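Quick look at start.tsv (TSV, C-alpha atoms):
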chain	number	residue	atom	x	y	z
A	283	MET	CA	184.00	105.53	89.95
A	284	SER	CA	181.37	108.37	89.94
A	285	LEU	CA	180.53	108.71	86.25
A	286	GLN	CA	179.50	112.04	84.83
A	287	LYS	CA	175.71	112.36	84.70
A	288	PRO	CA	174.67	111.64	81.12
A	289	LEU	CA	172.78	114.03	78.87
A	290	MET	CA	169.17	113.75	79.97
A	291	ARG	CA	167.27	116.33	77.95
A	292	GLY	CA	167.45	118.87	75.14
A	293	MET	CA	168.87	116.41	72.63
A	294	LEU	CA	166.37	117.16	69.89
A	295	GLY	CA	166.80	120.91	70.33
A	296	LYS	CA	170.55	120.58	70.16
A	297	ARG	CA	170.33	118.49	67.00
A	298	LEU	CA	167.92	120.91	65.35
A	299	ARG	CA	170.01	123.97	66.27
A	300	PHE	CA	172.94	122.29	64.57
A	301	HIS	CA	171.33	120.72	61.52
A	302	LEU	CA	168.52	123.09	60.53
A	303	PRO	CA	170.71	126.09	59.60
A	304	ILE	CA	172.92	123.78	57.57
A	305	ALA	CA	169.92	122.19	55.88
A	306	PHE	CA	168.34	125.53	54.99
A	307	SER	CA	171.54	127.08	53.69
A	308	LEU	CA	172.44	124.00	51.63
A	309	SER	CA	168.95	123.93	50.10
A	310	LEU	CA	169.18	127.62	49.29
A	311	LEU	CA	172.60	127.05	47.75
A	312	ALA	CA	171.24	124.18	45.66
A	313	ALA	CA	168.39	126.36	44.39
A	314	ILE	CA	170.72	129.24	43.50
A	315	ALA	CA	173.17	126.89	41.81
A	316	PHE	CA	170.37	125.32	39.75
A	317	LYS	CA	169.11	128.74	38.71
A	318	TYR	CA	172.46	129.95	37.44
A	319	ALA	CA	173.74	126.66	36.07
A	320	VAL	CA	170.56	125.44	34.37
A	321	THR	CA	167.66	127.83	33.99
A	322	GLU	CA	169.57	130.98	32.99
A	323	PRO	CA	171.64	129.20	30.26
A	324	ARG	CA	168.47	127.54	29.05
A	325	LYS	CA	166.61	130.84	28.77
A	326	GLN	CA	169.56	132.30	26.89
A	327	ALA	CA	169.69	129.30	24.51
A	328	TYR	CA	166.01	129.74	23.64
A	329	ALA	CA	166.41	133.48	23.15
A	330	ASP	CA	169.38	132.94	20.84
A	331	PHE	CA	167.58	130.25	18.87
A	332	TYR	CA	164.53	132.36	18.17
A	333	LYS	CA	166.52	135.49	17.35
A	334	GLN	CA	167.62	133.91	14.05
A	335	TYR	CA	164.54	131.76	13.51
A	336	ASP	CA	162.77	131.88	10.18
A	337	ALA	CA	159.50	130.01	10.67
A	338	THR	CA	158.55	129.89	6.98
A	339	LYS	CA	161.91	128.50	5.95
A	340	GLU	CA	161.71	125.79	8.60
A	341	PHE	CA	158.15	124.95	7.61
A	342	ASN	CA	159.09	124.53	3.97
A	343	ALA	CA	162.05	122.32	4.88
A	344	MET	CA	159.76	120.12	6.97
A	345	ARG	CA	157.16	120.04	4.20
A	346	GLU	CA	159.72	118.87	1.64
A	347	ALA	CA	160.84	116.16	4.04
A	348	GLY	CA	157.26	114.87	3.79
A	349	ILE	CA	156.30	114.66	7.46
A	350	PHE	CA	153.04	116.60	7.17
A	351	GLU	CA	149.70	115.09	6.28
A	352	SER	CA	147.91	118.37	5.53
A	353	VAL	CA	150.43	119.63	2.96
A	354	ARG	CA	152.30	117.38	0.55
A	355	PRO	CA	155.81	118.17	-0.66
A	356	SER	CA	155.66	120.62	-3.60
A	357	GLU	CA	155.67	118.24	-6.63
A	358	GLU	CA	157.76	119.51	-9.48
B	228	MET	CA	165.24	102.76	94.57
B	229	TYR	CA	163.28	100.40	92.37
B	230	VAL	CA	165.24	97.48	93.82
B	231	ASN	CA	164.54	98.63	97.38
B	232	ILE	CA	160.80	98.66	96.74
B	233	LEU	CA	161.15	95.20	95.27
B	234	GLY	CA	162.74	94.05	98.53
B	235	GLU	CA	159.89	95.44	100.59
B	236	VAL	CA	157.26	93.92	98.31
B	237	ALA	CA	159.07	90.60	98.38
B	238	ASN	CA	159.03	90.65	102.20
B	239	PHE	CA	155.33	91.53	102.26
B	240	LEU	CA	154.41	88.83	99.76
B	241	ASN	CA	156.49	86.19	101.52
B	242	ASN	CA	154.44	86.76	104.65
B	243	ILE	CA	151.12	86.13	102.92
B	244	PHE	CA	152.38	83.72	100.25
B	245	HIS	CA	150.61	80.62	101.51
B	246	ARG	CA	147.28	82.47	101.40
B	247	MET	CA	147.72	83.52	97.77
B	248	LEU	CA	146.34	81.39	95.00
B	249	ALA	CA	146.52	84.09	92.34
B	250	THR	CA	150.08	83.87	91.08
B	251	ARG	CA	150.35	86.77	88.64
B	252	ALA	CA	150.84	89.27	91.48
B	253	LEU	CA	154.22	87.67	92.07
B	254	ARG	CA	155.39	89.19	88.76
B	255	LEU	CA	156.11	92.33	90.74
B	256	ILE	CA	159.15	90.81	92.41
B	257	GLY	CA	160.59	89.72	89.11
B	258	LYS	CA	160.93	86.11	90.15
B	259	ARG	CA	159.61	83.09	88.38
B	260	ALA	CA	158.06	81.74	91.57
B	261	ILE	CA	154.85	81.06	89.65
B	262	SER	CA	156.14	77.73	88.47
B	263	THR	CA	156.20	76.39	92.01
B	264	SER	CA	152.74	77.59	93.07
B	265	VAL	CA	149.50	75.76	92.51
B	266	CYS	CA	146.61	76.60	90.15
B	267	VAL	CA	143.74	74.56	91.52
B	268	ARG	CA	140.62	74.45	89.39
B	269	GLY	CA	137.47	72.76	90.75
B	270	GLY	CA	139.49	70.25	92.74
B	271	HIS	CA	140.79	68.47	89.62
B	272	GLY	CA	144.47	68.96	90.31
B	273	VAL	CA	147.44	70.98	89.17
B	274	ALA	CA	147.61	72.61	85.71
B	275	LYS	CA	151.19	72.24	84.52
B	276	VAL	CA	152.66	75.63	83.85
B	277	GLU	CA	154.79	75.54	80.67
B	278	ASP	CA	158.17	77.21	80.69
B	279	TYR	CA	157.43	79.35	77.66
B	280	THR	CA	154.32	80.84	79.26
B	281	LEU	CA	156.34	82.40	82.06
B	282	PRO	CA	157.95	85.84	81.77
B	283	ALA	CA	161.32	85.64	80.08
B	284	TYR	CA	164.44	87.75	80.24
B	285	PHE	CA	165.35	89.86	77.18
B	286	ASP	CA	168.09	92.43	76.71
B	287	LYS	CA	166.40	95.16	74.68
B	288	ARG	CA	167.36	98.78	74.21
B	289	GLU	CA	163.71	99.80	73.79
B	290	GLU	CA	162.59	97.96	76.96
B	291	PRO	CA	165.26	98.73	79.53
B	292	LEU	CA	163.64	96.86	82.48
B	293	PRO	CA	162.96	93.21	81.61
B	294	ASP	CA	160.10	91.32	83.24
B	295	ILE	CA	162.35	89.22	85.44
B	296	CYS	CA	165.83	89.37	86.95
B	297	TYR	CA	168.53	87.61	85.01
B	298	VAL	CA	169.72	85.37	87.83
B	299	GLN	CA	166.77	83.47	89.26
B	300	THR	CA	168.53	81.10	91.68
B	301	LEU	CA	170.97	83.00	93.86
B	302	SER	CA	174.15	81.49	95.21
B	303	PRO	CA	174.81	81.90	98.97
B	304	GLU	CA	177.12	84.91	98.39
B	305	GLN	CA	174.50	86.50	96.17
B	306	LYS	CA	171.83	85.87	98.79
B	307	SER	CA	173.92	87.56	101.47
B	308	LEU	CA	174.55	90.43	99.03
B	309	LYS	CA	170.80	90.83	98.54
B	310	GLU	CA	170.42	90.97	102.33
B	311	LYS	CA	173.09	93.66	102.48
B	312	GLU	CA	171.23	95.54	99.74
B	313	MET	CA	168.26	95.96	102.09
B	314	GLY	CA	170.36	98.21	104.25
B	315	SER	CA	172.09	101.46	103.41
B	316	TRP	CA	173.48	101.51	99.89
B	317	ALA	CA	176.33	103.80	100.87
B	318	SER	CA	177.93	100.83	102.59
B	319	LEU	CA	178.10	98.84	99.34
B	320	SER	CA	181.45	98.80	97.56
B	321	ASN	CA	181.65	99.43	93.83
B	322	ASP	CA	182.27	95.74	93.14
B	323	GLU	CA	179.21	94.81	95.16
B	324	LYS	CA	177.10	97.31	93.22
B	325	ILE	CA	178.33	95.79	89.97
B	326	ALA	CA	177.60	92.30	91.32
B	327	LEU	CA	174.04	93.39	92.16
B	328	TYR	CA	173.66	94.81	88.66
B	329	ARG	CA	174.83	91.55	87.13
B	330	ILE	CA	172.27	89.63	89.19
B	331	SER	CA	169.44	91.67	87.69
B	332	PHE	CA	170.79	92.12	84.17
B	333	LYS	CA	172.73	89.96	81.74
B	334	GLU	CA	174.38	92.60	79.51
B	335	SER	CA	174.89	96.29	80.06
B	336	PHE	CA	173.57	98.75	77.50
B	337	ALA	CA	177.04	99.20	76.08
B	338	GLU	CA	177.40	95.43	75.67
B	339	MET	CA	173.96	94.82	74.19
B	340	ASN	CA	174.25	97.71	71.73
B	341	HIS	CA	177.75	96.70	70.67
B	342	PRO	CA	177.86	96.51	66.85
B	343	THR	CA	178.23	93.09	65.30
B	344	SER	CA	179.72	92.19	61.95
B	345	GLU	CA	176.42	90.84	60.76
B	346	TRP	CA	176.10	93.51	58.07
B	347	LYS	CA	179.04	92.01	56.20
B	348	SER	CA	177.21	88.71	55.84
B	349	VAL	CA	174.08	90.55	54.76
B	350	VAL	CA	175.88	92.57	52.07
B	351	ALA	CA	177.76	89.48	50.90
B	352	GLY	CA	174.47	87.61	50.59
B	353	MET	CA	172.94	90.51	48.69
B	354	PHE	CA	175.78	90.61	46.14
B	355	PHE	CA	175.72	86.85	45.72
B	356	LEU	CA	171.99	86.73	45.05
B	357	ILE	CA	172.16	89.71	42.68
B	358	GLY	CA	174.92	87.93	40.79
B	359	PHE	CA	172.86	84.76	40.67
B	360	THR	CA	169.95	86.80	39.32
B	361	GLY	CA	172.24	87.83	36.47
B	362	PHE	CA	172.57	84.18	35.47
B	363	VAL	CA	168.83	83.77	35.62
B	364	VAL	CA	168.35	86.79	33.36
B	365	LEU	CA	170.87	85.50	30.81
B	366	TRP	CA	169.18	82.14	30.70
B	367	GLN	CA	165.81	83.82	30.20
B	368	ARG	CA	167.14	85.90	27.32
B	369	LYS	CA	168.35	82.80	25.56
B	370	TYR	CA	165.60	80.27	26.26
B	371	VAL	CA	162.46	82.15	27.17
B	372	TYR	CA	162.11	85.35	25.17
B	373	GLY	CA	161.11	85.35	21.51
B	374	ALA	CA	162.43	87.65	18.77
B	375	VAL	CA	162.13	91.43	19.06
B	376	PRO	CA	159.65	93.26	16.78
B	377	HIS	CA	160.69	94.30	13.22
B	378	THR	CA	160.80	97.92	14.41
B	379	PHE	CA	164.21	97.18	15.93
B	380	ASP	CA	165.82	96.42	12.53
B	381	PRO	CA	168.70	98.81	11.74
B	382	GLU	CA	167.04	100.04	8.52
B	383	TYR	CA	163.83	100.78	10.36
B	384	LYS	CA	165.75	102.56	13.09
B	385	ALA	CA	167.58	104.69	10.51
B	386	LYS	CA	164.22	105.70	9.01
B	387	GLU	CA	162.96	106.61	12.48
B	388	LEU	CA	166.01	108.76	13.10
B	389	GLN	CA	165.62	110.59	9.80
B	390	ARG	CA	161.96	111.27	10.53
B	391	MET	CA	162.83	112.72	13.95
B	392	LEU	CA	165.35	115.06	12.37
B	393	ASP	CA	162.82	116.06	9.71
B	394	MET	CA	160.31	116.91	12.40
B	395	ARG	CA	162.93	119.06	14.15
B	396	ILE	CA	162.56	117.25	17.47
B	397	ASN	CA	163.94	119.47	20.28
B	398	PRO	CA	165.72	121.93	17.99
B	399	VAL	CA	166.87	124.34	20.74
B	400	GLU	CA	168.88	122.29	23.21
B	401	GLY	CA	168.10	118.65	22.50
B	402	PHE	CA	168.03	116.17	19.66
B	403	SER	CA	167.93	118.20	16.43
B	404	ALA	CA	170.13	120.89	17.94
B	405	ASN	CA	173.05	118.48	17.49
B	406	TRP	CA	172.39	117.92	13.77
B	407	ASP	CA	173.97	120.14	11.14
B	408	TYR	CA	171.20	120.58	8.54
B	409	GLU	CA	173.50	122.29	6.03
B	410	ASN	CA	176.06	119.53	5.87
B	411	LYS	CA	173.70	116.66	6.71
B	412	GLN	CA	175.80	115.34	9.58
B	413	TRP	CA	176.06	115.52	13.34
B	414	LYS	CA	177.57	118.71	14.65
B	415	LYS	CA	181.16	118.32	15.82

Kindly return the structure encoded in the file as structure tokens.
Amino acid sequence: MSLQKPLMRGMLGKRLRFHLPIAFSLSLLAAIAFKYAVTEPRKQAYADFYKQYDATKEFNAMREAGIFESVRPSEE
Amino acid sequence: MYVNILGEVANFLNNIFHRMLATRALRLIGKRAISTSVCVRGGHGVAKVEDYTLPAYFDKREEPLPDICYVQTLSPEQKSLKEKEMGSWASLSNDEKIALYRISFKESFAEMNHPTSEWKSVVAGMFFLIGFTGFVVLWQRKYVYGAVPHTFDPEYKAKELQRMLDMRINPVEGFSANWDYENKQWKK
């Protein structure tokens, strides 16, 4: 019969030694992936948009559309 | 070793049993002997001890040692086995050890923790009730709710959309970024 003596101690430590490195590296990977998949493209999109942005032109277009209350569309 | 101490305590208690009126001490030996002893109060007689008030046997992973042994009334072979248990345990065969275990416990840990198929019934019930809720929702839509506000009319919605484009909502990456202002259409 004589069964092997079961695991009596050190179970939490064993679990942590296994799971914590994986958890930390996966989290780090997720953060890096988010940075290069989301935030960097987004920063680039904003930079590109404002490179060719003419604020006055946009304002006049919006004014003609009639959305402002302080300035009316330029009546002809 | 726990069982050996039980044996010694049982012996000790048996010797002074007839002098004991307090019955709770007998819990130590894990036997339901309380039901046979007498609670005399002021000479008025015996208070009937209900079955449900006595310690009960439960197989529980969180409480590995139940209050009482599983088998309360021992057969003659089991009695002789208990006698043999008082001696050296090395002389017990493996079958006898297992028999002693089965006297004290109903199911082993492996048996009591064995997974059941109960989860299938639970999930099936969940899906069924969610489906039934769908019927309830449909009925409500038809018979309970009134009309939606006029702001949901298609013409009104078109005006809302035009106003959002005029205001240049989210022009960088979002809403208006998908609209071609030159050609007055959505970007391909």

Which residues of chain B come within 12 Å of chain A, and what is each one's closest atom pair and distance in Å (one decimal), counting only C-alpha atoms, sorted by chain and residue number, as a Markdown table?
| residue | atom | partner | partner_atom | distance |
| --- | --- | --- | --- | --- |
| B:Ser320 | CA | A:Met283 | CA | 10.5 |
| B:Asn321 | CA | A:Met283 | CA | 7.6 |
| B:Asp322 | CA | A:Met283 | CA | 10.4 |
| B:Lys324 | CA | A:Met283 | CA | 11.2 |
| B:Ile325 | CA | A:Met283 | CA | 11.3 |
| B:Glu387 | CA | A:Ile349 | CA | 11.6 |
| B:Gln389 | CA | A:Ala347 | CA | 9.3 |
| B:Arg390 | CA | A:Ile349 | CA | 7.3 |
| B:Met391 | CA | A:Ile349 | CA | 9.4 |
| B:Leu392 | CA | A:Met344 | CA | 9.3 |
| B:Asp393 | CA | A:Met344 | CA | 5.8 |
| B:Met394 | CA | A:Met344 | CA | 6.3 |
| B:Arg395 | CA | A:Met344 | CA | 7.9 |
| B:Ile396 | CA | A:Met344 | CA | 11.2 |
| B:Asn397 | CA | A:Tyr328 | CA | 11.0 |
| B:Pro398 | CA | A:Phe331 | CA | 8.6 |
| B:Val399 | CA | A:Tyr328 | CA | 6.2 |
| B:Glu400 | CA | A:Ala327 | CA | 7.2 |
| B:Gly401 | CA | A:Ala327 | CA | 11.0 |
| B:Ala404 | CA | A:Phe331 | CA | 9.7 |
| B:Tyr408 | CA | A:Ala343 | CA | 10.0 |
| B:Glu409 | CA | A:Ala343 | CA | 11.5 |

* Asked: Contacts of segment 294-304 of chain B at 7 Å or less, counting all atoms listed in the file, minus same-chain residues fewer than 4 places along, as a ChimeraX atom specification?
  -> /B:257-258,282-284,308,330-333

* Interatomic distance between atom CA of Arg329 of chain B and atom CA of Lys309 of chain B? ->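 Computing the Euclidean distance for atom CA of Arg329 of chain B and atom CA of Lys309 of chain B yields 12.1 Å.
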
* Asked: Between B:Ala374, B:Leu388, B:Ala326, B:Met339, which has the minimum distance to Lys287 of chain B (counting only C-alpha atoms)?
  ->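 Under the stated criterion, the closest residue is B:Met339.
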
Could you add N, CA and C atoms to segment 294-309 of chain A and give me the result as a CSV table (one decimal), in the coordinates of the input?
chain,number,residue,atom,x,y,z
A,294,LEU,N,167.0,116.8,71.2
A,294,LEU,CA,166.4,117.2,69.9
A,294,LEU,C,166.7,118.6,69.6
A,295,GLY,N,166.5,119.5,70.6
A,295,GLY,CA,166.8,120.9,70.3
A,295,GLY,C,168.2,121.1,69.9
A,296,LYS,N,169.1,120.4,70.5
A,296,LYS,CA,170.6,120.6,70.2
A,296,LYS,C,170.8,120.1,68.7
A,297,ARG,N,170.2,119.0,68.4
A,297,ARG,CA,170.3,118.5,67.0
A,297,ARG,C,169.8,119.5,66.0
A,298,LEU,N,168.6,120.0,66.3
A,298,LEU,CA,167.9,120.9,65.4
A,298,LEU,C,168.7,122.2,65.2
A,299,ARG,N,169.2,122.7,66.3
A,299,ARG,CA,170.0,124.0,66.3
A,299,ARG,C,171.2,123.8,65.4
A,300,PHE,N,171.8,122.6,65.4
A,300,PHE,CA,172.9,122.3,64.6
A,300,PHE,C,172.6,122.0,63.1
A,301,HIS,N,171.6,121.2,62.9
A,301,HIS,CA,171.3,120.7,61.5
A,301,HIS,C,170.4,121.6,60.7
A,302,LEU,N,169.5,122.3,61.3
A,302,LEU,CA,168.5,123.1,60.5
A,302,LEU,C,169.2,124.2,59.8
A,303,PRO,N,170.1,125.0,60.4
A,303,PRO,CA,170.7,126.1,59.6
A,303,PRO,C,171.5,125.5,58.4
A,304,ILE,N,172.2,124.4,58.7
A,304,ILE,CA,172.9,123.8,57.6
A,304,ILE,C,172.0,123.3,56.5
A,305,ALA,N,170.9,122.7,56.9
A,305,ALA,CA,169.9,122.2,55.9
A,305,ALA,C,169.4,123.3,55.1
A,306,PHE,N,168.9,124.4,55.7
A,306,PHE,CA,168.3,125.5,55.0
A,306,PHE,C,169.4,126.2,54.1
A,307,SER,N,170.6,126.4,54.6
A,307,SER,CA,171.5,127.1,53.7
A,307,SER,C,172.0,126.2,52.5
A,308,LEU,N,172.1,124.9,52.7
A,308,LEU,CA,172.4,124.0,51.6
A,308,LEU,C,171.3,124.0,50.6
A,309,SER,N,170.1,123.9,51.1
A,309,SER,CA,169.0,123.9,50.1
A,309,SER,C,168.9,125.2,49.3
